[in-house]
Amino acid sequence: MNRITFVRIYRIVYMAIKFYTQATLFQRRYRGRWNPIVEEKWNRLVTKQAKQYKTLALKLGGLMIKMGQFLSTRADIMPPSFLEELEGLTDRVPSVARQKIVSVLESEWNSPYTSYLSELSASAVASASIGEVYKGVLKDGTIVALKVQRPGTDRLLRADFQAMRIVIWFMKTFTPLSKQINFNQLFREMTETIGAELNFLQELQSGRSFADRFSEMQGIRFPVYFDEISTRRVLAMEWIEGARITDLAFIEKNELDRHEIAERLFILFLEQVLYGGQFHADPHGGNVLLKPDGTIVLIDFGMTGTITKKDSQAVLRIAEGIIFKNYDQVIDALEELRFLLPQADRELLADTIARLVAAYESNELMQMDSFVVERLFKDMQNIVRTQPVQLPAEFAFFGRAASIFVGVLNVLDPGIDLLALARPRVIEWASSQQEEKRVFGRADVLRWVLNASGPLRVFPQKVINYLEEPERLRHYLENRDGREREHQRDLQSRMFAGIFTILSFFGISTAVWFSHEPLIWVSGVFFAGSLWTYRSIK
């Protein structure tokens, strides 16, 4: 039943509208009365929604699991408690019958699979929502891993993407969220990131690119790929025996140095980001293997990301702007990185960044229990909720990859000093950039002056912050209250008309599906009426 296109679309869209309605009604009910008790109720609601999403995703498979993994990277648009629940959403599903996998092989190879293989394992050694991995032996005796796309995956994903288009249309048309989120860009990022996993030839190219870039790095290996039998739906690669890199018993058994392995792995990840731009976006323990001699093997390049040189330069301009207190430059660089949408309040953001830097420089950010610091944290929370701040997909996946990677390192060596390892290589990288000699030269001089001035610098900053705080607070409250009133008017006037429009639309779709003429007329009347109501109050 869940494989029927209409059923899948209906369940996905219904869940999205239900979640949005629940969240909107909750916020309206407790508007102006937000306190720790209400916060706890909100977290319970969001956690419940995340559990319902996970349950449906595991039932439907396909895009829903991938979408959950994608959303788990979007801390800019999803509540923390929702993200925490989605972290446990793993891409593991029951395997399909072996004969169906054989059919895919023979269809892609246009010949019996025995034309290329002398052996094929009786069952899958790994199974996910998009592909399954079998162990095979080529005619020349070479042992290979065959990643085969599950039958029907294209059709299911087309239906799921259609459902997401409907959800995004609803959000853009009937909610004020489009002022905070660029839904077109979000959908494009999602389709590009997830859609890339459907083309195994792209994964082959990524894996080979990694192997070429790090061919001279000692103690690092990548699989060899076989072009002649790899297609868009079949990926053939070298079979490599190894344990998960987090298998501490394996490390102890083979008398390997955990600290040395962790250092080598960290350098590998850092080099991916600093040089070349491309990085492995899913470096969990199952995708990083360890051989008995200590060699690290990186596999599964279906999910990769890229940070361009231009983006790297923008990050350095942010650092320079903060050092020289040029916060307009910081905002410009954030816009270049696509973190801010055009309608962002630049003055408010620059003011908040300035106060955050001032609190950090005064060494009182974690110590001072005052109105200024308390207001600073509340400002940051409100900016995330009210300002059009969005994390681009490449940075979102980098954050997710870094989080997973740090977890792996902590298992290997809980005492590892990442800053000490990173510092010399980051400096070397920065010095190699065309503009960085100028930037870091100025930064070093200013840093020396700031450190030498010490207390003389801190005291005036405290006085300035104290004197300016009432004006900043007034400006912030005026902006915030204006936005809240505008948002609430939009919600109250459009939400119910939008919901009735969507429900009546699905009523028409259901009636057409089952050829129920009376229901078509009734739903059509409701659809036209609710749509007219929405237009009239817009």
# chains A, B, ... in the order shown; residues from 1 in each chain; ligands from 1
call {"tool": "residues_around", "arguments": {"residues": "range 144-155 of chain A", "least_positions_apart": "2", "cutoff": "8 Å", "atoms": "only C-alpha atoms", "output": "list of chain:residue names"}}
result
A:Gly62, A:Val96, A:Lys100, A:Ile101, A:Val104, A:Leu105, A:Ser129, A:Ile130, A:Gly131, A:Glu132, A:Val133, A:Tyr134, A:Lys135, A:Gly136, A:Val137, A:Leu138, A:Thr142, A:Leu157, A:Arg158, A:Ala159, A:Leu198, A:Arg233, A:Val234, A:Leu235, A:Ala236, A:Met237, A:Glu238, A:Trp239
call {"tool": "select_by_dssp", "arguments": {"residues": "range 63-171 of chain A", "states": "helix (DSSP H, G or I)", "output": "NGL selection string"}}
result
:A and (63-71 or 80-86 or 98-109 or 113-115 or 153-171)
call {"tool": "atom_distance", "arguments": {"atom1": "CA of Arg346 in chain A", "atom2": "CA of Ser178 in chain A"}}
result
18.2 Å
call {"tool": "select_by_dssp", "arguments": {"residues": "range 49-278 of chain A", "states": "strand (DSSP E or B)", "output": "MDAnalysis selection string"}}
result
chainID A and resid 117:120 126:127 131:138 143:149 220:221 225 234:238 243:244 278
call {"tool": "atom_distance", "arguments": {"atom1": "CA of Gln52 in chain A", "atom2": "CA of Tyr10 in chain A"}}
result
15.3 Å
call {"tool": "decode", "arguments": {"residues": "range 342-359 of chain A", "atoms": "N, CA, C and O atoms", "output": "tab-separated table (two decimals), in the first residue's frame"}}
result
chain	number	residue	atom	x	y	z
A	342	PRO	N	18.17	38.14	1.30
A	342	PRO	CA	18.25	39.59	1.02
A	342	PRO	C	17.51	40.46	2.04
A	342	PRO	O	17.93	41.59	2.29
A	343	GLN	N	16.41	39.97	2.63
A	343	GLN	CA	15.61	40.81	3.51
A	343	GLN	C	16.10	40.83	4.96
A	343	GLN	O	15.40	41.30	5.85
A	344	ALA	N	17.29	40.34	5.22
A	344	ALA	CA	17.82	40.31	6.58
A	344	ALA	C	18.05	41.74	7.08
A	344	ALA	O	18.39	42.65	6.32
A	345	ASP	N	17.84	41.95	8.37
A	345	ASP	CA	18.07	43.24	9.01
A	345	ASP	C	19.56	43.35	9.32
A	345	ASP	O	20.05	42.89	10.35
A	346	ARG	N	20.30	44.00	8.43
A	346	ARG	CA	21.75	44.08	8.56
A	346	ARG	C	22.17	44.81	9.83
A	346	ARG	O	23.11	44.42	10.51
A	347	GLU	N	21.46	45.89	10.16
A	347	GLU	CA	21.83	46.68	11.34
A	347	GLU	C	21.66	45.85	12.61
A	347	GLU	O	22.53	45.87	13.50
A	348	LEU	N	20.57	45.12	12.70
A	348	LEU	CA	20.33	44.30	13.89
A	348	LEU	C	21.38	43.19	14.00
A	348	LEU	O	21.91	42.93	15.09
A	349	LEU	N	21.70	42.54	12.88
A	349	LEU	CA	22.68	41.46	12.91
A	349	LEU	C	24.07	41.99	13.26
A	349	LEU	O	24.79	41.38	14.06
A	350	ALA	N	24.45	43.11	12.67
A	350	ALA	CA	25.76	43.69	12.96
A	350	ALA	C	25.87	44.08	14.43
A	350	ALA	O	26.90	43.88	15.08
A	351	ASP	N	24.78	44.63	14.97
A	351	ASP	CA	24.77	45.03	16.37
A	351	ASP	C	24.93	43.82	17.29
A	351	ASP	O	25.69	43.84	18.26
A	352	THR	N	24.25	42.73	16.97
A	352	THR	CA	24.34	41.52	17.79
A	352	THR	C	25.74	40.91	17.73
A	352	THR	O	26.28	40.47	18.75
A	353	ILE	N	26.33	40.88	16.53
A	353	ILE	CA	27.69	40.35	16.40
A	353	ILE	C	28.66	41.20	17.21
A	353	ILE	O	29.55	40.68	17.90
A	354	ALA	N	28.49	42.53	17.16
A	354	ALA	CA	29.38	43.42	17.91
A	354	ALA	C	29.29	43.15	19.40
A	354	ALA	O	30.31	43.12	20.11
A	355	ARG	N	28.10	42.95	19.89
A	355	ARG	CA	27.92	42.70	21.32
A	355	ARG	C	28.48	41.34	21.71
A	355	ARG	O	29.03	41.17	22.80
A	356	LEU	N	28.34	40.36	20.82
A	356	LEU	CA	28.90	39.04	21.11
A	356	LEU	C	30.42	39.10	21.18
A	356	LEU	O	31.04	38.54	22.09
A	357	VAL	N	31.03	39.83	20.24
A	357	VAL	CA	32.49	39.96	20.24
A	357	VAL	C	32.94	40.72	21.48
A	357	VAL	O	33.94	40.36	22.12
A	358	ALA	N	32.22	41.78	21.84
A	358	ALA	CA	32.59	42.57	23.02
A	358	ALA	C	32.52	41.72	24.29
A	358	ALA	O	33.41	41.79	25.15
A	359	ALA	N	31.48	40.92	24.41
A	359	ALA	CA	31.36	40.06	25.59
A	359	ALA	C	32.47	39.03	25.63
A	359	ALA	O	33.02	38.72	26.69
